[in-house]
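Printed here is final_16.cif (mmCIF, C-alpha atoms and all ligand atoms):
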```cif
data_upload
#
loop_
_atom_site.label_atom_id
_atom_site.label_comp_id
_atom_site.auth_asym_id
_atom_site.auth_seq_id
_atom_site.Cartn_x
_atom_site.Cartn_y
_atom_site.Cartn_z
CA MET A 1 -5.72 25.03 9.51
CA LYS A 2 -8.83 22.85 9.26
CA ARG A 3 -9.01 19.50 11.07
CA ALA A 4 -8.84 16.42 8.87
CA LEU A 5 -11.95 14.29 9.39
CA LEU A 6 -10.20 10.99 8.66
CA ASP A 7 -7.41 11.65 11.14
CA GLU A 8 -9.95 11.71 13.95
CA SER A 9 -12.27 9.04 15.30
CA PRO A 10 -16.07 9.11 15.64
CA ASP A 11 -15.54 9.63 19.41
CA GLN A 12 -13.29 12.65 18.84
CA LEU A 13 -15.75 14.12 16.37
CA GLY A 14 -18.56 13.45 18.86
CA ALA A 15 -16.64 15.37 21.55
CA TRP A 16 -16.24 18.34 19.20
CA LEU A 17 -19.96 18.24 18.40
CA THR A 18 -20.81 18.33 22.10
CA GLU A 19 -18.48 21.31 22.61
CA GLN A 20 -20.26 23.11 19.78
CA GLY A 21 -23.69 22.39 21.26
CA PHE A 22 -24.75 19.72 18.74
CA PRO A 23 -25.76 16.11 19.59
CA PRO A 24 -22.77 13.74 19.22
CA PHE A 25 -24.77 11.22 17.15
CA HIS A 26 -24.14 13.42 14.10
CA ALA A 27 -20.59 12.03 14.09
CA ARG A 28 -21.94 8.64 12.99
CA GLN A 29 -23.98 10.31 10.25
CA VAL A 30 -20.96 12.19 8.93
CA TYR A 31 -18.77 9.09 8.65
CA HIS A 32 -21.67 7.20 7.08
CA TRP A 33 -21.87 9.89 4.40
CA VAL A 34 -18.15 9.62 3.72
CA PHE A 35 -17.74 5.82 3.77
CA GLU A 36 -21.10 4.69 2.39
CA ARG A 37 -22.45 7.59 0.37
CA ARG A 38 -19.16 8.84 -1.07
CA ALA A 39 -19.56 12.41 0.20
CA GLU A 40 -16.45 14.56 -0.28
CA ASP A 41 -17.95 17.79 1.05
CA PHE A 42 -20.03 18.65 4.11
CA SER A 43 -22.43 20.75 2.00
CA THR A 44 -23.78 17.57 0.36
CA MET A 45 -24.72 15.93 3.69
CA SER A 46 -28.36 16.83 3.27
CA ASP A 47 -29.75 15.32 6.49
CA LEU A 48 -27.48 17.41 8.74
CA PRO A 49 -28.82 20.71 10.09
CA LYS A 50 -27.74 23.59 7.88
CA ALA A 51 -25.99 25.35 10.81
CA LEU A 52 -23.97 22.21 11.47
CA ARG A 53 -22.94 21.88 7.83
CA GLY A 54 -21.69 25.46 8.05
CA ALA A 55 -19.80 24.75 11.29
CA PHE A 56 -18.18 21.68 9.75
CA GLY A 57 -17.22 23.62 6.65
CA ALA A 58 -15.50 26.29 8.78
CA ASP A 59 -13.46 23.93 11.00
CA TRP A 60 -13.12 20.61 9.19
CA GLU A 61 -12.26 19.12 5.84
CA VAL A 62 -13.41 15.72 4.58
CA PHE A 63 -10.25 15.12 2.53
CA SER A 64 -6.94 16.74 3.43
CA THR A 65 -5.30 16.01 0.06
CA HIS A 66 -6.18 17.27 -3.38
CA VAL A 67 -5.82 15.49 -6.70
CA THR A 68 -2.86 16.87 -8.65
CA ARG A 69 -3.04 14.40 -11.50
CA HIS A 70 -5.41 11.63 -12.56
CA HIS A 71 -4.15 9.24 -15.21
CA VAL A 72 -6.17 6.54 -16.90
CA ALA A 73 -4.22 3.87 -18.80
CA PRO A 74 -5.57 2.10 -21.87
CA ASP A 75 -6.04 -1.05 -19.75
CA GLY A 76 -8.30 0.91 -17.36
CA THR A 77 -5.76 1.28 -14.54
CA GLU A 78 -6.24 4.63 -12.83
CA LYS A 79 -3.57 6.42 -10.89
CA LEU A 80 -3.92 9.46 -8.64
CA LEU A 81 -1.11 11.78 -7.68
CA LEU A 82 -2.27 13.49 -4.48
CA SER A 83 -0.87 16.62 -2.83
CA CYS A 84 -0.93 16.48 0.97
CA SER A 85 -1.63 19.57 3.08
CA ASP A 86 2.13 20.13 3.48
CA GLY A 87 2.63 20.02 -0.30
CA ARG A 88 4.22 16.57 -0.33
CA ARG A 89 3.04 14.16 -3.01
CA ILE A 90 1.80 10.60 -2.75
CA GLU A 91 0.33 8.22 -5.28
CA CYS A 92 -2.21 5.44 -5.35
CA VAL A 93 -3.64 3.15 -8.01
CA LEU A 94 -6.97 1.49 -8.88
CA MET A 95 -6.82 -1.67 -10.98
CA ALA A 96 -9.79 -3.48 -12.49
CA GLU A 97 -9.59 -7.07 -13.67
CA GLU A 98 -12.67 -9.17 -14.31
CA ASP A 99 -14.69 -8.83 -11.11
CA ARG A 100 -11.78 -7.62 -8.99
CA ARG A 101 -11.36 -3.96 -8.09
CA THR A 102 -8.04 -3.54 -6.33
CA VAL A 103 -6.54 -0.43 -4.82
CA CYS A 104 -2.83 -0.04 -4.12
CA ILE A 105 -1.90 2.67 -1.61
CA SER A 106 1.31 4.29 -0.38
CA SER A 107 2.35 4.19 3.27
CA GLN A 108 5.05 6.89 3.36
CA VAL A 109 6.27 9.87 1.35
CA GLY A 110 9.36 8.34 -0.26
CA CYS A 111 10.98 5.27 1.26
CA GLY A 112 14.02 4.69 3.45
CA MET A 113 14.75 1.11 2.44
CA GLY A 114 16.87 2.04 -0.58
CA CYS A 115 16.15 -0.96 -2.85
CA VAL A 116 18.50 -0.24 -5.72
CA PHE A 117 15.96 -0.84 -8.51
CA CYS A 118 13.13 1.28 -7.08
CA ALA A 119 12.03 4.80 -7.96
CA SER A 120 10.41 5.43 -4.56
CA GLY A 121 13.59 5.10 -2.57
CA LEU A 122 15.73 7.39 -4.71
CA LYS A 123 15.36 10.37 -2.38
CA GLY A 124 14.93 8.51 0.90
CA VAL A 125 11.92 8.85 3.18
CA GLU A 126 10.39 12.24 3.94
CA ARG A 127 7.69 11.26 6.42
CA ASN A 128 5.10 8.69 7.42
CA LEU A 129 1.55 9.14 6.19
CA THR A 130 -1.15 9.74 8.78
CA LYS A 131 -4.07 7.39 9.41
CA GLY A 132 -6.30 9.84 7.54
CA GLU A 133 -4.02 10.06 4.50
CA LEU A 134 -3.99 6.25 4.32
CA VAL A 135 -7.78 5.93 4.53
CA GLU A 136 -8.23 8.82 2.13
CA GLN A 137 -6.31 7.12 -0.67
CA VAL A 138 -8.71 4.18 -0.47
CA LEU A 139 -11.80 6.40 -0.45
CA ARG A 140 -10.63 8.64 -3.27
CA LEU A 141 -10.00 5.59 -5.47
CA ARG A 142 -13.25 3.92 -4.41
CA ASN A 143 -15.10 7.11 -5.38
CA LEU A 144 -13.82 6.70 -8.94
CA LEU A 145 -15.85 3.49 -9.30
CA PRO A 146 -19.29 3.67 -10.89
CA ALA A 147 -22.13 3.80 -8.33
CA GLY A 148 -22.91 0.33 -7.06
CA GLU A 149 -19.41 -1.08 -7.68
CA ARG A 150 -17.37 -1.98 -4.63
CA LEU A 151 -13.67 -2.47 -3.99
CA THR A 152 -12.71 -6.10 -3.59
CA ASN A 153 -9.02 -5.94 -2.62
CA LEU A 154 -6.63 -3.55 -0.94
CA VAL A 155 -2.85 -3.80 -1.16
CA VAL A 156 -0.34 -1.64 0.68
CA MET A 157 2.37 -1.87 -1.94
CA GLY A 158 2.84 1.68 -3.15
CA MET A 159 5.52 4.08 -2.06
CA GLY A 160 7.09 3.42 1.35
CA GLU A 161 7.84 0.60 3.76
CA SER A 162 4.45 -0.13 5.27
CA LEU A 163 5.63 -1.66 8.56
CA ALA A 164 7.88 1.35 9.21
CA ASN A 165 4.60 3.26 9.63
CA PHE A 166 3.08 0.60 11.85
CA ASP A 167 0.54 2.23 14.17
CA PRO A 168 -1.14 4.59 11.66
CA LEU A 169 -1.26 1.77 9.11
CA ILE A 170 -2.96 -0.69 11.44
CA ALA A 171 -5.36 2.00 12.68
CA ALA A 172 -6.29 2.83 9.06
CA LEU A 173 -6.72 -0.80 7.96
CA ASP A 174 -8.70 -1.72 11.05
CA TRP A 175 -11.03 1.22 10.39
CA ILE A 176 -11.47 0.34 6.71
CA CYS A 177 -12.27 -3.25 7.72
CA SER A 178 -14.71 -2.30 10.50
CA PRO A 179 -18.48 -2.11 10.00
CA SER A 180 -18.27 1.67 10.50
CA GLY A 181 -15.68 1.89 7.68
CA LEU A 182 -16.00 -0.04 4.44
CA GLY A 183 -16.66 -3.39 6.10
CA PHE A 184 -13.76 -4.81 4.13
CA GLY A 185 -12.66 -8.40 4.91
CA GLN A 186 -9.21 -8.49 6.53
CA ARG A 187 -8.32 -11.43 4.30
CA ARG A 188 -8.69 -9.16 1.27
CA VAL A 189 -6.00 -6.80 2.53
CA THR A 190 -2.34 -7.38 1.72
CA ILE A 191 0.44 -5.67 3.64
CA SER A 192 3.69 -5.66 1.74
CA THR A 193 6.98 -5.32 3.60
CA VAL A 194 10.62 -5.40 2.67
CA GLY A 195 10.95 -7.65 5.73
CA LEU A 196 11.36 -5.95 9.13
CA PRO A 197 11.38 -9.00 11.42
CA GLU A 198 10.51 -7.26 14.67
CA ARG A 199 7.52 -5.48 13.06
CA MET A 200 6.40 -8.70 11.35
CA ARG A 201 6.30 -10.40 14.76
CA LYS A 202 4.44 -7.43 16.21
CA LEU A 203 1.88 -7.75 13.40
CA ALA A 204 1.52 -11.48 14.06
CA ALA A 205 0.85 -10.76 17.74
CA LEU A 206 -2.14 -8.56 16.78
CA ASP A 207 -4.01 -11.64 15.53
CA ARG A 208 -5.39 -10.00 12.43
CA GLN A 209 -6.06 -11.87 9.20
CA TYR A 210 -4.18 -9.50 6.91
CA HIS A 211 -2.23 -11.19 4.17
CA LEU A 212 1.53 -10.58 4.41
CA ALA A 213 3.73 -10.19 1.33
CA VAL A 214 7.47 -10.09 1.92
CA SER A 215 9.62 -8.46 -0.77
CA LEU A 216 12.46 -10.93 -0.96
CA HIS A 217 14.05 -10.23 -4.36
CA ALA A 218 17.08 -12.47 -3.68
CA PRO A 219 17.63 -15.96 -2.26
CA THR A 220 21.02 -15.38 -0.57
CA GLU A 221 22.33 -12.91 2.00
CA GLU A 222 25.00 -11.69 -0.38
CA LEU A 223 22.72 -10.89 -3.30
CA ARG A 224 20.00 -9.46 -1.04
CA ASN A 225 22.52 -7.15 0.63
CA GLN A 226 23.24 -5.73 -2.82
CA LEU A 227 19.64 -5.30 -3.94
CA VAL A 228 17.89 -4.51 -0.65
CA PRO A 229 20.42 -2.63 1.52
CA ILE A 230 18.30 -2.89 4.71
CA ASN A 231 19.10 -6.60 4.58
CA GLU A 232 22.56 -5.89 5.96
CA ARG A 233 20.83 -4.84 9.19
CA VAL A 234 18.07 -7.45 9.37
CA GLY A 235 19.45 -10.55 7.61
CA LEU A 236 17.58 -12.89 5.29
CA ARG A 237 17.41 -15.70 7.86
CA ASP A 238 15.54 -13.56 10.39
CA VAL A 239 13.16 -12.30 7.69
CA ILE A 240 12.26 -15.89 6.79
CA GLU A 241 11.86 -16.88 10.44
CA ALA A 242 9.57 -13.90 11.07
CA ALA A 243 7.51 -14.89 8.01
CA ASP A 244 7.26 -18.42 9.42
CA ALA A 245 6.11 -16.96 12.74
CA TYR A 246 3.43 -14.92 10.93
CA PHE A 247 2.14 -18.03 9.19
CA HIS A 248 2.08 -20.08 12.38
CA ARG A 249 0.23 -17.41 14.33
CA SER A 250 -2.24 -16.29 11.65
CA GLY A 251 -2.60 -19.47 9.61
CA ARG A 252 -2.20 -17.31 6.51
CA GLN A 253 0.18 -18.34 3.76
CA VAL A 254 2.89 -15.72 3.22
CA THR A 255 3.67 -14.47 -0.28
CA PHE A 256 7.26 -13.71 -1.24
CA GLU A 257 7.60 -11.03 -3.89
CA TYR A 258 10.53 -11.37 -6.24
CA VAL A 259 11.28 -8.58 -8.72
CA LEU A 260 13.07 -10.23 -11.60
CA LEU A 261 16.04 -8.24 -12.93
CA ARG A 262 17.77 -9.28 -16.11
CA GLY A 263 21.17 -10.89 -15.49
CA ILE A 264 21.10 -10.06 -11.78
CA ASN A 265 18.71 -12.33 -9.92
CA ASP A 266 17.06 -14.24 -12.80
CA ARG A 267 19.68 -16.93 -13.31
CA PRO A 268 18.87 -20.65 -12.90
CA LEU A 269 21.14 -20.77 -9.85
CA ASP A 270 19.09 -17.97 -8.25
CA ALA A 271 15.87 -19.83 -9.00
CA SER A 272 17.33 -23.02 -7.57
CA ALA A 273 18.49 -21.26 -4.38
CA LEU A 274 15.06 -19.65 -4.00
CA GLY A 275 13.38 -23.03 -4.38
CA ASP A 276 15.70 -24.53 -1.74
CA LEU A 277 14.99 -21.66 0.65
CA LEU A 278 11.20 -21.91 0.45
CA GLN A 279 10.77 -25.63 -0.09
CA ARG A 280 8.62 -27.27 2.59
CA ARG A 281 7.30 -23.89 3.72
CA LYS A 282 3.67 -22.80 3.30
CA ALA A 283 4.67 -20.03 0.93
CA HIS A 284 3.88 -18.63 -2.48
CA VAL A 285 6.31 -16.79 -4.75
CA ASN A 286 5.04 -13.89 -6.84
CA VAL A 287 7.52 -13.13 -9.61
CA ILE A 288 7.37 -9.54 -10.86
CA PRO A 289 9.24 -8.92 -14.12
CA TYR A 290 10.94 -5.55 -13.65
CA ASN A 291 9.21 -2.44 -14.94
CA PRO A 292 12.20 -0.26 -16.01
CA VAL A 293 12.70 3.07 -14.26
CA PRO A 294 14.26 5.88 -16.32
CA GLY A 295 17.74 6.60 -15.02
CA LEU A 296 18.25 3.22 -13.34
CA PRO A 297 20.43 0.57 -15.01
CA PHE A 298 18.09 -2.43 -14.65
CA GLU A 299 16.18 -4.29 -17.34
CA ARG A 300 13.25 -6.65 -17.63
CA PRO A 301 14.30 -10.25 -18.33
CA SER A 302 13.26 -11.91 -21.58
CA ASP A 303 10.05 -13.94 -21.58
CA GLU A 304 12.20 -17.05 -21.98
CA ALA A 305 14.25 -16.17 -18.85
CA ILE A 306 11.04 -15.58 -16.89
CA ARG A 307 9.64 -18.97 -17.97
CA ARG A 308 12.90 -20.72 -17.10
CA PHE A 309 13.05 -19.07 -13.66
CA VAL A 310 9.48 -20.06 -12.83
CA SER A 311 10.00 -23.60 -14.01
CA VAL A 312 13.10 -24.12 -11.81
CA VAL A 313 11.35 -22.73 -8.69
CA ARG A 314 8.25 -24.82 -9.41
CA GLY A 315 10.46 -27.86 -9.95
CA LYS A 316 11.48 -27.53 -6.29
CA GLY A 317 7.84 -27.92 -5.28
CA VAL A 318 7.25 -24.22 -4.52
CA SER A 319 4.02 -22.50 -5.59
CA VAL A 320 4.82 -19.61 -7.96
CA SER A 321 3.01 -17.17 -10.23
CA VAL A 322 4.02 -14.25 -12.44
CA ARG A 323 2.38 -10.90 -11.83
CA LYS A 324 0.95 -9.12 -14.83
CA THR A 325 2.18 -5.56 -15.26
CA LYS A 326 -0.78 -3.20 -15.07
CA GLY A 327 -0.77 0.41 -16.14
CA ARG A 328 2.71 0.45 -17.60
CA GLU A 329 1.68 3.38 -19.81
CA ILE A 330 1.02 5.60 -16.78
CA ASP A 331 4.16 4.86 -14.77
CA ALA A 332 2.35 2.53 -12.38
CA ALA A 333 5.53 1.20 -10.79
CA CYS A 334 5.77 2.65 -7.30
CA GLY A 335 7.22 6.13 -7.16
CA GLN A 336 7.43 6.70 -10.89
CA LEU A 337 4.59 9.14 -11.37
CA ARG A 338 5.64 11.19 -8.36
CA ARG A 339 9.19 11.23 -9.63
CA SER A 340 8.26 12.40 -13.10
CA GLU A 341 6.21 15.19 -11.48
CA ALA A 342 9.14 16.14 -9.27
CA VAL A 343 11.15 17.07 -12.34
CA VAL A 344 8.60 19.80 -12.99
CA GLN A 345 8.11 20.81 -9.35
CA PRO A 346 11.02 20.13 -6.97
CA GLU A 347 10.03 18.64 -3.64
CA ALA A 348 10.94 19.52 -0.08
CA ALA A 349 14.24 18.38 1.40
CA VAL A 350 14.53 14.79 2.59
CA ALA A 351 14.34 14.19 6.35
CA PRO A 352 14.74 10.48 7.20
CA VAL A 353 11.98 9.06 9.42
CA ILE A 354 13.56 5.73 10.39
S1 LIG A 401 10.88 -1.47 -3.35
FE1 LIG A 401 9.45 -0.93 -1.67
S2 LIG A 401 10.75 -1.09 0.18
FE2 LIG A 401 12.17 -1.01 -1.56
S3 LIG A 401 12.69 1.20 -1.77
FE3 LIG A 401 10.92 0.76 -3.12
S4 LIG A 401 9.11 1.29 -1.91
FE4 LIG A 401 10.84 1.03 -0.49
#
```

Could the structure of this file be written out as structure tokens, please?
Ligand code: SF4
Amino acid sequence: MKRALLDESPDQLGAWLTEQGFPPFHARQVYHWVFERRAEDFSTMSDLPKALRGAFGADWEVFSTHVTRHHVAPDGTEKLLLSCSDGRRIECVLMAEEDRRTVCISSQVGCGMGCVFCASGLKGVERNLTKGELVEQVLRLRNLLPAGERLTNLVVMGMGESLANFDPLIAALDWICSPSGLGFGQRRVTISTVGLPERMRKLAALDRQYHLAVSLHAPTEELRNQLVPINERVGLRDVIEAADAYFHRSGRQVTFEYVLLRGINDRPLDASALGDLLQRRKAHVNVIPYNPVPGLPFERPSDEAIRRFVSVVRGKGVSVSVRKTKGREIDAACGQLRRSEAVVQPEAAVAPVI
């Protein structure tokens, strides 16, 4: 099996070059081709010696996944379904809005958190993605942009619980944000988590500037236990305290995501409890009207219910916005495209990772 270029580091590639009798500085050239010049194949790296291009082609691959499907929605949202080298499928999305070019990547195959309204968690988690598979999603989507256009934002909000895959995720993001990667600003990266307090504190201790988004979805322990089963183990109070700790250490306002489900967590009393919970905190609430998943019994609230919910939360002095749904026509909710594919091609058995 060939070695995946993005799972290694420039130092590791340099060591291989030395073993093969080539100068190690070619490692820098290779990564420059991939990150800056959008190369997807060693044969296009025209300033490398021909013998070296051949050696790379025999032992290495630039990308370890291949594109199984590429959807483009009428609103311009593009979604890739990628097959990993072990046949497992992941998905990632590119969204364009005015001058923003945002990519949303997955962190795991499947998800072990079991949120009852989510397509990604239906079959549990199969495995964590590697550093290379994480970086690769960003590069594959970036390479869809016209020459000269750059990505502006990166969100880790696709399939999976990002902080359950902590070390590879941080390694991938740090690389993307480094001058030898895409030189991306850390403040333009959002890590979304269902709320794993110990991992949130570990992230705070790293002193990065990544933006943290906590998927709250309910303002009380009781309701959150029903919607986000992991809450029974972690507890809403500890999630909020860990979010406070992240803010105090990083100085970055935390966003709380709240998927709004008709008749379940969209009532005025839910909005009022949410406002009480977050009042006097440096926090922002992002309300996400539910994007229905075939086979699941949840519905999007009416526009009137959404307006009422927002107004009650805002009335408590909490900053709140409503996320626009992008790419609804191409199943852009996390896990949906992969799931619709799985009907055609059954996937490997589920082996929980955490
Ligand atoms: S909503 Fe997020 S954390 Fe919950 S099951 Fe889906 S992917 Fe996992």

Pick out the residues no farther than 10 Å from ligand LIG 401 (chain A), counting all atoms listed in the file, and list them as a VMD selection string. chain A and resid 106 to 125 157 to 164 192 to 195 214 to 217 227 to 230 259 333 to 335

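Interatomic distance, atom CA of A:Gly87 against atom CA of A:His66: 9.7 Å.
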
Please list as a PyMOL selection string every residue within 6 Å of stretch 165-171 of chain A, counting all atoms listed in the file and excluding residues in the same chain fewer than 3 positions away. chain A and resi 128+130-131+162+174

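The shortest atom-to-atom distance to A:Lys324, with only C-alpha atoms taken into account, belongs to A:Met95 out of A:Leu81, A:Ala147, A:Cys104, A:Met95.
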
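Shortest separation to A:His284 among A:Asn265, A:Asn231, A:Ser319, A:Thr190 occurs at residue A:Ser319, atoms counted being all atoms listed in the file.
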
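When atom CA of A:Asp238 is paired with atom CA of A:Lys202, their separation reads 14.0 Å.
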